[in-house]
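As stored in run_4.txt (compact mmCIF, C-alpha atoms and all ligand atoms):
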```
# COMPACT_ATOMS: atom_id res chain seq x y z
CA MET X 1 -27.90 -13.42 -4.99
CA PHE X 2 -25.39 -10.89 -3.75
CA ILE X 3 -22.90 -9.08 -6.04
CA ARG X 4 -19.33 -9.15 -4.76
CA SER X 5 -16.03 -8.17 -6.29
CA GLU X 6 -13.45 -10.94 -6.44
CA PHE X 7 -9.71 -10.75 -7.07
CA ILE X 8 -8.72 -12.46 -10.31
CA GLY X 9 -5.11 -11.30 -10.54
CA PHE X 10 -2.28 -9.55 -8.71
CA GLY X 11 0.93 -8.11 -10.11
CA HIS X 12 3.82 -6.00 -8.94
CA TYR X 13 6.88 -4.20 -10.18
CA LEU X 14 10.05 -3.16 -8.38
CA PRO X 15 12.77 -1.04 -9.99
CA LYS X 16 16.13 -2.80 -10.39
CA LYS X 17 18.29 -0.49 -8.27
CA ILE X 18 18.57 -1.57 -4.63
CA LEU X 19 19.71 0.93 -2.02
CA THR X 20 21.03 -0.76 1.13
CA ASN X 21 21.41 0.71 4.59
CA ASP X 22 25.18 0.67 4.06
CA ASP X 23 24.69 2.73 0.88
CA LEU X 24 22.64 5.22 2.93
CA SER X 25 25.34 5.46 5.56
CA GLN X 26 27.58 6.90 2.81
CA MET X 27 24.98 9.62 2.15
CA VAL X 28 23.85 10.72 5.66
CA GLU X 29 25.00 10.14 9.23
CA THR X 30 23.30 6.82 9.91
CA SER X 31 24.12 3.12 10.15
CA ASP X 32 22.71 -0.23 9.12
CA GLU X 33 22.33 -1.07 12.82
CA TRP X 34 20.27 2.09 13.59
CA ILE X 35 17.97 1.63 10.61
CA ARG X 36 17.47 -2.12 11.17
CA THR X 37 16.74 -1.89 14.88
CA ARG X 38 14.44 1.17 14.64
CA THR X 39 12.57 0.22 11.44
CA GLY X 40 13.32 -3.36 10.35
CA ILE X 41 14.36 -2.04 6.92
CA ARG X 42 17.49 -3.51 5.29
CA SER X 43 17.10 -2.26 1.71
CA ARG X 44 14.66 -0.54 -0.64
CA HIS X 45 14.26 -0.25 -4.43
CA ILE X 46 14.82 3.11 -6.13
CA ALA X 47 13.54 4.05 -9.61
CA GLU X 48 16.25 5.54 -11.79
CA ASP X 49 14.48 6.37 -15.03
CA GLU X 50 10.97 4.98 -14.54
CA THR X 51 8.02 7.12 -13.55
CA THR X 52 5.18 6.20 -11.22
CA ALA X 53 2.81 5.59 -14.16
CA GLU X 54 5.36 3.40 -15.95
CA MET X 55 5.88 1.25 -12.84
CA ALA X 56 2.10 1.15 -12.30
CA ALA X 57 1.56 0.01 -15.88
CA LYS X 58 4.04 -2.83 -15.43
CA ALA X 59 2.28 -3.98 -12.25
CA ALA X 60 -1.14 -3.67 -13.94
CA SER X 61 0.01 -5.68 -16.98
CA ALA X 62 1.33 -8.43 -14.69
CA ALA X 63 -2.00 -8.50 -12.83
CA LEU X 64 -3.97 -8.71 -16.10
CA GLN X 65 -1.70 -11.53 -17.26
CA GLN X 66 -2.34 -13.45 -14.05
CA ALA X 67 -6.08 -12.78 -14.47
CA LYS X 68 -5.80 -14.04 -18.08
CA ILE X 69 -7.79 -11.11 -19.43
CA SER X 70 -7.02 -8.43 -22.01
CA PRO X 71 -6.66 -4.68 -21.21
CA GLN X 72 -9.69 -4.29 -23.52
CA ASP X 73 -11.81 -6.02 -20.85
CA VAL X 74 -11.00 -3.38 -18.23
CA ASP X 75 -13.90 -1.04 -17.29
CA LEU X 76 -12.13 1.12 -14.69
CA ILE X 77 -8.63 2.09 -13.53
CA ILE X 78 -7.99 3.62 -10.10
CA LEU X 79 -4.43 4.54 -9.23
CA ALA X 80 -3.54 5.46 -5.65
CA SER X 81 -0.40 7.58 -5.42
CA VAL X 82 1.08 10.70 -3.87
CA THR X 83 3.76 10.87 -6.57
CA PRO X 84 1.89 11.27 -9.90
CA ASP X 85 3.81 11.88 -13.15
CA ASN X 86 2.05 15.16 -13.87
CA THR X 87 -0.33 17.41 -11.99
CA THR X 88 -2.81 16.71 -14.78
CA PRO X 89 -3.87 14.48 -16.49
CA SER X 90 -3.98 11.71 -13.91
CA SER X 91 -1.36 8.95 -13.92
CA ALA X 92 -4.23 6.42 -14.13
CA ILE X 93 -5.00 7.83 -17.60
CA LYS X 94 -1.35 7.32 -18.56
CA VAL X 95 -1.47 3.74 -17.30
CA GLY X 96 -4.54 3.14 -19.50
CA LYS X 97 -2.68 4.59 -22.48
CA ILE X 98 0.41 2.42 -21.86
CA ILE X 99 -1.42 -0.86 -21.31
CA GLY X 100 -3.98 -0.17 -24.06
CA VAL X 101 -7.45 -0.04 -22.54
CA LYS X 102 -10.41 0.76 -24.79
CA ALA X 103 -11.33 4.41 -25.40
CA GLY X 104 -13.88 5.63 -22.87
CA THR X 105 -12.59 3.56 -19.94
CA PRO X 106 -12.81 5.77 -16.83
CA ALA X 107 -9.51 6.27 -15.01
CA PHE X 108 -8.57 8.50 -12.11
CA ASP X 109 -6.02 8.94 -9.34
CA ILE X 110 -6.73 9.10 -5.65
CA SER X 111 -4.50 10.66 -3.02
CA ALA X 112 -4.83 8.99 0.36
CA ALA X 113 -1.12 8.43 1.08
CA CYS X 114 -0.27 5.03 2.59
CA SER X 115 -3.99 4.15 2.84
CA GLY X 116 -4.40 4.70 -0.91
CA PHE X 117 -4.77 1.06 -1.92
CA VAL X 118 -7.47 0.41 0.70
CA TYR X 119 -9.27 3.58 -0.47
CA ALA X 120 -9.00 2.43 -4.12
CA LEU X 121 -10.28 -1.02 -3.17
CA THR X 122 -13.25 0.53 -1.33
CA LEU X 123 -14.21 2.69 -4.33
CA ALA X 124 -13.82 -0.08 -6.91
CA ASP X 125 -15.70 -2.60 -4.75
CA ASN X 126 -18.60 -0.20 -4.31
CA MET X 127 -18.76 0.61 -8.03
CA ILE X 128 -18.74 -3.11 -8.87
CA ARG X 129 -21.42 -3.91 -6.28
CA LEU X 130 -23.59 -1.08 -7.70
CA GLY X 131 -23.26 -2.63 -11.16
CA GLN X 132 -21.47 0.41 -12.63
CA VAL X 133 -18.45 -1.62 -13.78
CA LYS X 134 -17.60 -5.32 -14.06
CA THR X 135 -13.82 -5.35 -14.16
CA ALA X 136 -11.55 -2.88 -12.38
CA VAL X 137 -7.77 -2.51 -12.16
CA ILE X 138 -6.65 -0.93 -8.89
CA ILE X 139 -3.06 0.08 -8.39
CA GLY X 140 -0.85 1.50 -5.68
CA ALA X 141 2.33 2.99 -7.17
CA GLU X 142 4.90 5.41 -5.80
CA ARG X 143 8.16 7.05 -6.71
CA LEU X 144 8.73 8.34 -3.19
CA SER X 145 12.43 8.84 -3.89
CA LYS X 146 11.37 12.04 -5.69
CA ILE X 147 9.79 13.57 -2.55
CA VAL X 148 12.43 12.46 -0.09
CA ASP X 149 15.09 14.91 1.05
CA TRP X 150 18.21 12.75 0.67
CA THR X 151 20.06 14.92 3.20
CA ASP X 152 17.45 14.32 5.96
CA ARG X 153 18.31 11.14 7.88
CA ASN X 154 15.00 11.33 9.79
CA THR X 155 13.04 10.46 6.66
CA CYS X 156 15.28 9.30 3.81
CA VAL X 157 16.01 5.91 5.38
CA LEU X 158 12.32 4.97 5.50
CA PHE X 159 10.98 5.02 1.95
CA GLY X 160 11.22 3.09 -1.31
CA ASP X 161 9.72 2.96 -4.83
CA GLY X 162 7.50 0.32 -6.45
CA ALA X 163 4.03 -0.64 -7.64
CA GLY X 164 1.40 -3.28 -6.90
CA ALA X 165 -1.86 -3.92 -8.73
CA ALA X 166 -4.94 -6.09 -8.55
CA VAL X 167 -7.76 -6.95 -10.95
CA LEU X 168 -11.24 -7.07 -9.44
CA ARG X 169 -14.23 -8.62 -11.22
CA ALA X 170 -17.92 -8.83 -10.37
CA CYS X 171 -19.01 -12.23 -9.06
CA GLU X 172 -22.03 -13.65 -7.27
CA GLY X 173 -22.05 -14.66 -3.63
CA ALA X 174 -24.44 -15.70 -0.90
CA GLY X 175 -23.79 -12.49 1.02
CA ASN X 176 -22.09 -14.20 3.95
CA SER X 177 -18.56 -14.61 5.26
CA ALA X 178 -17.99 -17.81 3.24
CA ASP X 179 -18.05 -15.79 -0.02
CA THR X 180 -15.02 -15.20 -2.21
CA GLY X 181 -14.00 -11.60 -2.80
CA VAL X 182 -14.17 -8.37 -0.86
CA LEU X 183 -16.14 -9.09 2.32
CA SER X 184 -15.79 -5.69 3.96
CA THR X 185 -14.01 -2.35 3.71
CA CYS X 186 -13.75 0.72 5.93
CA ILE X 187 -11.96 4.04 5.39
CA TYR X 188 -11.32 7.05 7.63
CA ALA X 189 -9.49 10.39 7.81
CA ASP X 190 -8.67 12.93 10.52
CA GLY X 191 -7.43 16.36 9.38
CA SER X 192 -6.42 17.36 12.90
CA GLN X 193 -3.26 15.31 12.22
CA TYR X 194 -2.45 17.17 8.95
CA ASP X 195 0.81 18.63 10.29
CA ASN X 196 2.25 15.37 11.62
CA LEU X 197 3.07 13.99 8.15
CA TYR X 198 3.12 16.13 5.01
CA THR X 199 5.21 17.43 2.13
CA THR X 200 6.71 20.90 2.37
CA GLY X 201 5.17 21.94 -0.95
CA GLY X 202 2.37 21.46 -3.43
CA VAL X 203 0.80 22.88 -6.58
CA SER X 204 -1.32 25.61 -4.97
CA THR X 205 1.27 26.62 -2.40
CA THR X 206 4.88 26.40 -3.59
CA GLN X 207 4.23 25.06 -7.12
CA ASN X 208 6.61 22.18 -6.44
CA ALA X 209 6.10 18.83 -4.75
CA GLY X 210 8.20 19.55 -1.65
CA PHE X 211 9.77 16.97 0.63
CA VAL X 212 8.30 14.59 3.20
CA GLN X 213 8.33 15.88 6.77
CA MET X 214 7.00 13.99 9.74
CA ASN X 215 6.69 13.85 13.45
CA GLY X 216 7.90 10.25 13.69
CA LYS X 217 6.85 9.63 17.30
CA GLU X 218 3.28 10.91 16.75
CA VAL X 219 2.94 8.92 13.53
CA PHE X 220 4.16 5.80 15.33
CA LYS X 221 1.72 6.24 18.22
CA HIS X 222 -1.31 6.75 15.98
CA ALA X 223 -0.26 4.08 13.49
CA VAL X 224 -0.48 1.15 15.91
CA VAL X 225 -3.91 2.26 17.18
CA SER X 226 -5.41 3.13 13.77
CA LEU X 227 -4.07 0.04 12.00
CA SER X 228 -5.37 -2.22 14.79
CA GLU X 229 -8.79 -0.54 14.94
CA ALA X 230 -9.24 -0.62 11.16
CA ALA X 231 -8.44 -4.36 11.09
CA GLU X 232 -10.88 -4.99 13.97
CA THR X 233 -13.65 -2.98 12.30
CA ALA X 234 -13.13 -4.71 8.95
CA MET X 235 -13.28 -8.15 10.64
CA LYS X 236 -16.43 -7.19 12.56
CA LYS X 237 -18.12 -5.90 9.39
CA ALA X 238 -17.20 -9.10 7.57
CA GLN X 239 -18.44 -11.19 10.52
CA VAL X 240 -15.17 -13.06 10.86
CA ASN X 241 -12.81 -13.24 13.80
CA LYS X 242 -9.04 -13.31 14.06
CA ASP X 243 -8.90 -17.12 14.16
CA ASP X 244 -10.56 -17.26 10.71
CA ILE X 245 -7.84 -15.06 9.21
CA ASP X 246 -5.01 -16.71 7.25
CA TRP X 247 -2.92 -13.56 6.77
CA LEU X 248 -2.71 -10.12 8.33
CA VAL X 249 -1.37 -7.76 5.64
CA PRO X 250 -0.55 -4.45 7.34
CA HIS X 251 0.85 -1.37 5.63
CA GLN X 252 4.62 -1.84 5.57
CA ALA X 253 5.99 1.24 7.37
CA ASN X 254 8.11 -0.09 10.20
CA ILE X 255 8.56 -3.56 11.73
CA ARG X 256 7.90 -2.17 15.21
CA ILE X 257 4.53 -0.81 14.04
CA ILE X 258 3.75 -4.14 12.32
CA ASP X 259 4.72 -6.10 15.47
CA GLY X 260 2.63 -3.73 17.62
CA VAL X 261 -0.45 -4.30 15.45
CA GLY X 262 0.10 -8.08 15.41
CA GLU X 263 0.37 -8.11 19.20
CA HIS X 264 -2.70 -5.89 19.65
CA LEU X 265 -4.74 -8.19 17.40
CA GLU X 266 -3.20 -11.29 19.06
CA MET X 267 -2.24 -12.56 15.64
CA PRO X 268 0.53 -15.20 15.61
CA LYS X 269 3.71 -13.81 13.99
CA GLU X 270 3.69 -16.51 11.32
CA LYS X 271 0.37 -15.13 10.03
CA VAL X 272 1.70 -11.59 9.57
CA ILE X 273 3.03 -10.65 6.13
CA VAL X 274 6.29 -8.66 6.31
CA ALA X 275 7.96 -7.04 3.31
CA VAL X 276 9.24 -3.82 4.87
CA ASP X 277 12.70 -5.37 5.29
CA HIS X 278 13.37 -5.35 1.53
CA HIS X 279 10.83 -2.76 0.26
CA GLY X 280 10.99 -0.02 2.90
CA ASN X 281 7.80 2.03 3.05
CA THR X 282 6.29 2.25 -0.46
CA SER X 283 3.12 4.06 0.72
CA ALA X 284 0.09 3.15 -1.46
CA ALA X 285 2.06 0.36 -3.16
CA SER X 286 2.96 -1.47 0.03
CA ILE X 287 -0.09 -3.72 0.50
CA PRO X 288 -0.61 -4.90 -3.12
CA LEU X 289 3.17 -5.32 -3.50
CA ALA X 290 3.33 -7.51 -0.40
CA ILE X 291 0.32 -9.60 -1.47
CA SER X 292 1.54 -10.06 -5.05
CA GLU X 293 5.05 -11.03 -3.98
CA ASN X 294 3.70 -13.58 -1.50
CA ILE X 295 1.31 -15.08 -4.06
CA GLU X 296 4.28 -15.43 -6.41
CA SER X 297 6.35 -17.17 -3.72
CA GLY X 298 3.47 -19.55 -2.96
CA LYS X 299 2.87 -18.33 0.60
CA ILE X 300 -0.56 -16.74 -0.01
CA HIS X 301 -3.03 -19.04 -1.80
CA LYS X 302 -6.37 -18.85 -3.52
CA GLY X 303 -9.09 -19.27 -0.88
CA ASN X 304 -7.02 -17.58 1.87
CA LEU X 305 -8.77 -15.02 4.07
CA LEU X 306 -6.80 -11.77 4.43
CA VAL X 307 -7.26 -8.75 6.63
CA LEU X 308 -5.65 -5.64 5.15
CA THR X 309 -4.97 -2.53 7.21
CA ALA X 310 -3.33 0.77 6.27
CA MET X 311 -2.57 4.20 7.73
CA GLY X 312 -0.88 7.26 6.32
CA ALA X 313 -0.62 11.04 5.93
CA GLY X 314 -3.77 13.01 6.68
CA PHE X 315 -4.07 11.01 8.78
CA THR X 316 -5.96 8.49 6.68
CA TRP X 317 -6.55 4.88 7.63
CA GLY X 318 -8.70 1.94 6.64
CA GLY X 319 -9.08 -1.80 6.46
CA ALA X 320 -10.59 -4.63 4.45
CA VAL X 321 -11.31 -8.34 4.72
CA VAL X 322 -10.94 -10.23 1.46
CA ARG X 323 -11.05 -13.90 0.46
CA LEU X 324 -8.82 -14.61 -2.53
N1 LIG X 401 20.20 7.34 11.73
C1 LIG X 401 20.73 7.60 12.95
N2 LIG X 401 20.15 8.37 13.87
C2 LIG X 401 18.93 8.88 13.53
C3 LIG X 401 18.32 8.64 12.29
C4 LIG X 401 19.01 7.84 11.36
N3 LIG X 401 18.50 7.55 10.16
N4 LIG X 401 17.13 9.28 12.27
C5 LIG X 401 16.99 9.88 13.44
N5 LIG X 401 18.09 9.66 14.21
C6 LIG X 401 18.37 10.13 15.55
C7 LIG X 401 17.53 11.32 15.94
O1 LIG X 401 18.12 12.51 15.45
C8 LIG X 401 17.58 11.23 17.45
O2 LIG X 401 18.79 11.78 17.89
P1 LIG X 401 18.84 12.69 19.20
O3 LIG X 401 18.36 11.80 20.32
O4 LIG X 401 20.28 13.05 19.28
O5 LIG X 401 17.94 13.85 18.91
C9 LIG X 401 17.65 9.74 17.72
O6 LIG X 401 18.03 9.12 16.49
C10 LIG X 401 16.36 9.13 18.21
O7 LIG X 401 15.35 9.53 17.36
P2 LIG X 401 13.89 9.13 17.70
O8 LIG X 401 13.00 9.96 16.85
O9 LIG X 401 13.68 9.09 19.17
O10 LIG X 401 13.85 7.62 17.18
P3 LIG X 401 12.61 6.66 17.21
O11 LIG X 401 12.91 5.51 18.06
O12 LIG X 401 11.32 7.39 17.44
O13 LIG X 401 12.58 6.15 15.72
C11 LIG X 401 11.40 6.48 13.65
C12 LIG X 401 12.38 7.06 14.65
C13 LIG X 401 11.99 5.22 13.07
C14 LIG X 401 11.17 7.48 12.51
C15 LIG X 401 10.09 6.16 14.38
O14 LIG X 401 9.62 7.29 15.09
C16 LIG X 401 9.02 5.70 13.44
O15 LIG X 401 9.12 4.65 12.85
N6 LIG X 401 7.92 6.45 13.30
C17 LIG X 401 6.90 6.12 12.37
C18 LIG X 401 7.22 6.83 11.15
C19 LIG X 401 6.86 6.10 9.90
O16 LIG X 401 6.86 4.91 9.79
N7 LIG X 401 6.57 6.93 8.91
C20 LIG X 401 6.31 6.46 7.62
C21 LIG X 401 5.22 7.21 7.01
S1 LIG X 401 3.73 7.04 7.87
C22 LIG X 401 3.18 5.55 7.67
O17 LIG X 401 3.52 4.94 6.69
C23 LIG X 401 2.25 4.99 8.64
```
Could you take the file, read its structure, and then write that structure out as structure tokens?
Ligand code: ACO
Amino acid sequence: MFIRSEFIGFGHYLPKKILTNDDLSQMVETSDEWIRTRTGIRSRHIAEDETTAEMAAKAASAALQQAKISPQDVDLIILASVTPDNTTPSSAIKVGKIIGVKAGTPAFDISAACSGFVYALTLADNMIRLGQVKTAVIIGAERLSKIVDWTDRNTCVLFGDGAGAAVLRACEGAGNSADTGVLSTCIYADGSQYDNLYTTGGVSTTQNAGFVQMNGKEVFKHAVVSLSEAAETAMKKAQVNKDDIDWLVPHQANIRIIDGVGEHLEMPKEKVIVAVDHHGNTSAASIPLAISENIESGKIHKGNLLVLTAMGAGFTWGGAVVRL
């Protein structure tokens, strides 16, 4: 018998305020037409008075509700974010406090930018397969509006706020590609690309968070290659091929990047999940948000085989194949 981790619930949370491209054109010199044609984004959600941990807790509670388990059953919380509430303690600890997990439940944040959810999934899956925990809540949550320079049209049109969460539980499988659960994961980083996407500050440098800066063309170029390669590696490791896949769930950065990855993988457009149009880029939240929303709408079903692929600042990138 082979120990796997299976998904037993997904949840998400989006703040109420919606910022449209027309709203942005009142703030910086841009237009709905420019933003739509270059990025595919029409609108994004912006948190007004909610923090990253508060949004994460709402997504986690929704995921636990779908899983029909109590917060007391949770053995581990991993929160992926680049916009934590405080420098310390971690926002994962705050999520545990809000949702009411039992004392002693380990909780920590990870910082892997837009690849954060795939990193969190990799860690939780390995801890479950090693028998260290049985039930894990993994969350991607971001309040990127706090690290965006709202006077910089190169970046401010791209990002949004939100949270997505999943509950993973240990299950038994045969150890082959017909199993339910996480079939493969892979994660990578390359520090030579550090200066292509970063914030202008940080605790040990400027003592403040700084603002997002990026070399858009370089990010674009690497994104299509890294996202495609991570998906291919994850499928190879899981011993499945593209025809077995029901849904490609790429990080939601830009529709042109998503289309480029779909074309590279020769994945029919109707099998590619797109949420960037109404979420913008929500970094670590983008993949679980997209999955949760599409489960809620009835598009993604139990039993579906998904390939997830993400890329972000660092650069970091990674992929996973999962059967719901
Ligand atoms: N509105 C109007 N004009 C703009 C805007 C805007 N919001 N932003 C930039 N421009 C201008 C530029 O100033 C430039 O003007 P110039 O020619 O007079 O100098 C012109 O538009 C063209 O700019 P380009 O950079 O050539 O535009 P490009 O086609 O490369 O698109 C974009 C820019 C959308 C940022 C693209 O490079 C991209 O998507 N890169 C990937 C970045 C990304 O997704 N980052 C997210 C984080 S990383 C991740 O999640 C993977």
Practice item. Determine, counting only C-alpha atoms, every residue of protein, DNA or RNA that lies within 6 Å of (-9.6, -3.0, -12.1) in the file coordinates, then give the result as a list in words. Key: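 Answer for this query, in the requested form: Leu76, Ile77, Thr135, Ala136, Val137, Ile138, Val167 and Leu168 of chain X.
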Exercise for review: Skip Ile35 in chain X itself and residues of its chain fewer than 2 positions away, then list as an NGL selection string all residues within 12 Å of it, counting all atoms listed in the file.
Suggested key: :X and (20-25 or 28-33 or 37-44 or 153-159 or 254-256 or 276-277 or 280)
Practice item. In the coordinates of the file, take the point (4.6, 6.8, -6.7) and a cut-off of 8 Å; then, counting all atoms listed in the file, name each qualifying protein, DNA or RNA residue as a PyMOL selection string. Key: chain X and resi 51-53+81-84+140-144+161-163+282+284-285
Check your understanding: Given the choices X:Met1, X:Val322, X:Leu227, X:Leu305, which gets closest to ligand LIG 401 (chain X) if the distance is worked out from all atoms listed in the file?
Key ->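 Of X:Met1, X:Val322, X:Leu227, X:Leu305, the one nearest ligand LIG 401 (chain X) is X:Leu227, counting all atoms listed in the file.
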Check your understanding: Quick one: residues within 9 Å of range 130-133 of chain X, all atoms listed in the file counted, chain neighbours fewer than 5 positions away excluded, as an MDAnalysis selection string?
Key -> chainID X and resid 3 74:76 124:125 169:170
Check your understanding: Of the candidates X:Ala113, X:Val321, X:Ile273, X:Val95, which one gets nearest to ligand LIG 401 (chain X) if we count all atoms listed in the file?
Key -> X:Ala113
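For the atom pair formed by CA of Gly314 in chain X and CA of Lys221 in chain X, the distance is 14.5 Å, given to one decimal.
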Practice item. Find the spatial neighbours of Cys186 in chain X, counting only C-alpha atoms, within a cut-off of 12 Å - ignore same-chain residues fewer than 5 positions away - and output them as a PyMOL selection string. Key: chain X and resi 115+117-123+125-126+226-227+229-238+307-311+316-321
Output C-alpha atoms of each residue in that selection to a file, as an mmCIF file, in the coordinates of the input.
```cif
data_model
loop_
_atom_site.group_PDB
_atom_site.id
_atom_site.type_symbol
_atom_site.label_atom_id
_atom_site.label_comp_id
_atom_site.auth_asym_id
_atom_site.auth_seq_id
_atom_site.Cartn_x
_atom_site.Cartn_y
_atom_site.Cartn_z
ATOM 1 C CA SER X 115 -3.990 4.150 2.840
ATOM 2 C CA PHE X 117 -4.770 1.060 -1.920
ATOM 3 C CA VAL X 118 -7.470 0.410 0.700
ATOM 4 C CA TYR X 119 -9.270 3.580 -0.470
ATOM 5 C CA ALA X 120 -9.000 2.430 -4.120
ATOM 6 C CA LEU X 121 -10.280 -1.020 -3.170
ATOM 7 C CA THR X 122 -13.250 0.530 -1.330
ATOM 8 C CA LEU X 123 -14.210 2.690 -4.330
ATOM 9 C CA ASP X 125 -15.700 -2.600 -4.750
ATOM 10 C CA ASN X 126 -18.600 -0.200 -4.310
ATOM 11 C CA SER X 226 -5.410 3.130 13.770
ATOM 12 C CA LEU X 227 -4.070 0.040 12.000
ATOM 13 C CA GLU X 229 -8.790 -0.540 14.940
ATOM 14 C CA ALA X 230 -9.240 -0.620 11.160
ATOM 15 C CA ALA X 231 -8.440 -4.360 11.090
ATOM 16 C CA GLU X 232 -10.880 -4.990 13.970
ATOM 17 C CA THR X 233 -13.650 -2.980 12.300
ATOM 18 C CA ALA X 234 -13.130 -4.710 8.950
ATOM 19 C CA MET X 235 -13.280 -8.150 10.640
ATOM 20 C CA LYS X 236 -16.430 -7.190 12.560
ATOM 21 C CA LYS X 237 -18.120 -5.900 9.390
ATOM 22 C CA ALA X 238 -17.200 -9.100 7.570
ATOM 23 C CA VAL X 307 -7.260 -8.750 6.630
ATOM 24 C CA LEU X 308 -5.650 -5.640 5.150
ATOM 25 C CA THR X 309 -4.970 -2.530 7.210
ATOM 26 C CA ALA X 310 -3.330 0.770 6.270
ATOM 27 C CA MET X 311 -2.570 4.200 7.730
ATOM 28 C CA THR X 316 -5.960 8.490 6.680
ATOM 29 C CA TRP X 317 -6.550 4.880 7.630
ATOM 30 C CA GLY X 318 -8.700 1.940 6.640
ATOM 31 C CA GLY X 319 -9.080 -1.800 6.460
ATOM 32 C CA ALA X 320 -10.590 -4.630 4.450
ATOM 33 C CA VAL X 321 -11.310 -8.340 4.720
#
```
Exercise for review: Rank nothing, just name the residue among X:Lys269, X:Lys146, X:His222, X:Arg323 nearest to Gly210 in chain X, using only C-alpha atoms.
Suggested key: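 The closest residue to Gly210 in chain X is X:Lys146.
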Can you sort out the box for range 118-123 of chain X, edges along x, y and z, all listed atoms in, 4 Å on every side, with centre and edge lengths in Å to one decimal, as AutoDock Vina command-line options?
```
--center_x -10.8 --center_y 1.3 --center_z -1.8 --size_x 14.7 --size_y 12.6 --size_z 13.0
```
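CA of Gly262 in chain X lies 8.9 Å from CA of Pro250 in chain X.
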Exercise for review: Would you kindly return, as a PyMOL selection string, each protein, DNA or RNA residue with an atom no farther than 10 Å from any atom of Asn176 in chain X, considering all atoms listed in the file and excluding same-chain residues fewer than 4 positions away?
Suggested key: chain X and resi 2+180+183+238-240
Could the residues in this selection be saved with C-alpha atoms as an mmCIF file, in the coordinates of the input?
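The resulting out10.cif:
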```
data_model
loop_
_atom_site.group_PDB
_atom_site.id
_atom_site.type_symbol
_atom_site.label_atom_id
_atom_site.label_comp_id
_atom_site.auth_asym_id
_atom_site.auth_seq_id
_atom_site.Cartn_x
_atom_site.Cartn_y
_atom_site.Cartn_z
ATOM 1 C CA PHE X 2 -25.390 -10.890 -3.750
ATOM 2 C CA THR X 180 -15.020 -15.200 -2.210
ATOM 3 C CA LEU X 183 -16.140 -9.090 2.320
ATOM 4 C CA ALA X 238 -17.200 -9.100 7.570
ATOM 5 C CA GLN X 239 -18.440 -11.190 10.520
ATOM 6 C CA VAL X 240 -15.170 -13.060 10.860
#
```
Exercise for review: Quote the spacing between CA of His45 in chain X and atom N5 of ligand LIG 401 (chain X) in Å to one decimal place.
Suggested key: 21.5 Å
Practice item. Check the smallest atom-to-atom distance from each of X:Gly181, X:Gly104, X:Gly216, X:Pro268 to ligand LIG 401 (chain X) using all atoms listed in the file, then report the winner. Key: X:Gly216
Check your understanding: Counting all atoms listed in the file, what is within 12 Å of Lys16 in chain X, bar same-chain residues fewer than 3 positions away, as a count of residues only?
Key -> 14
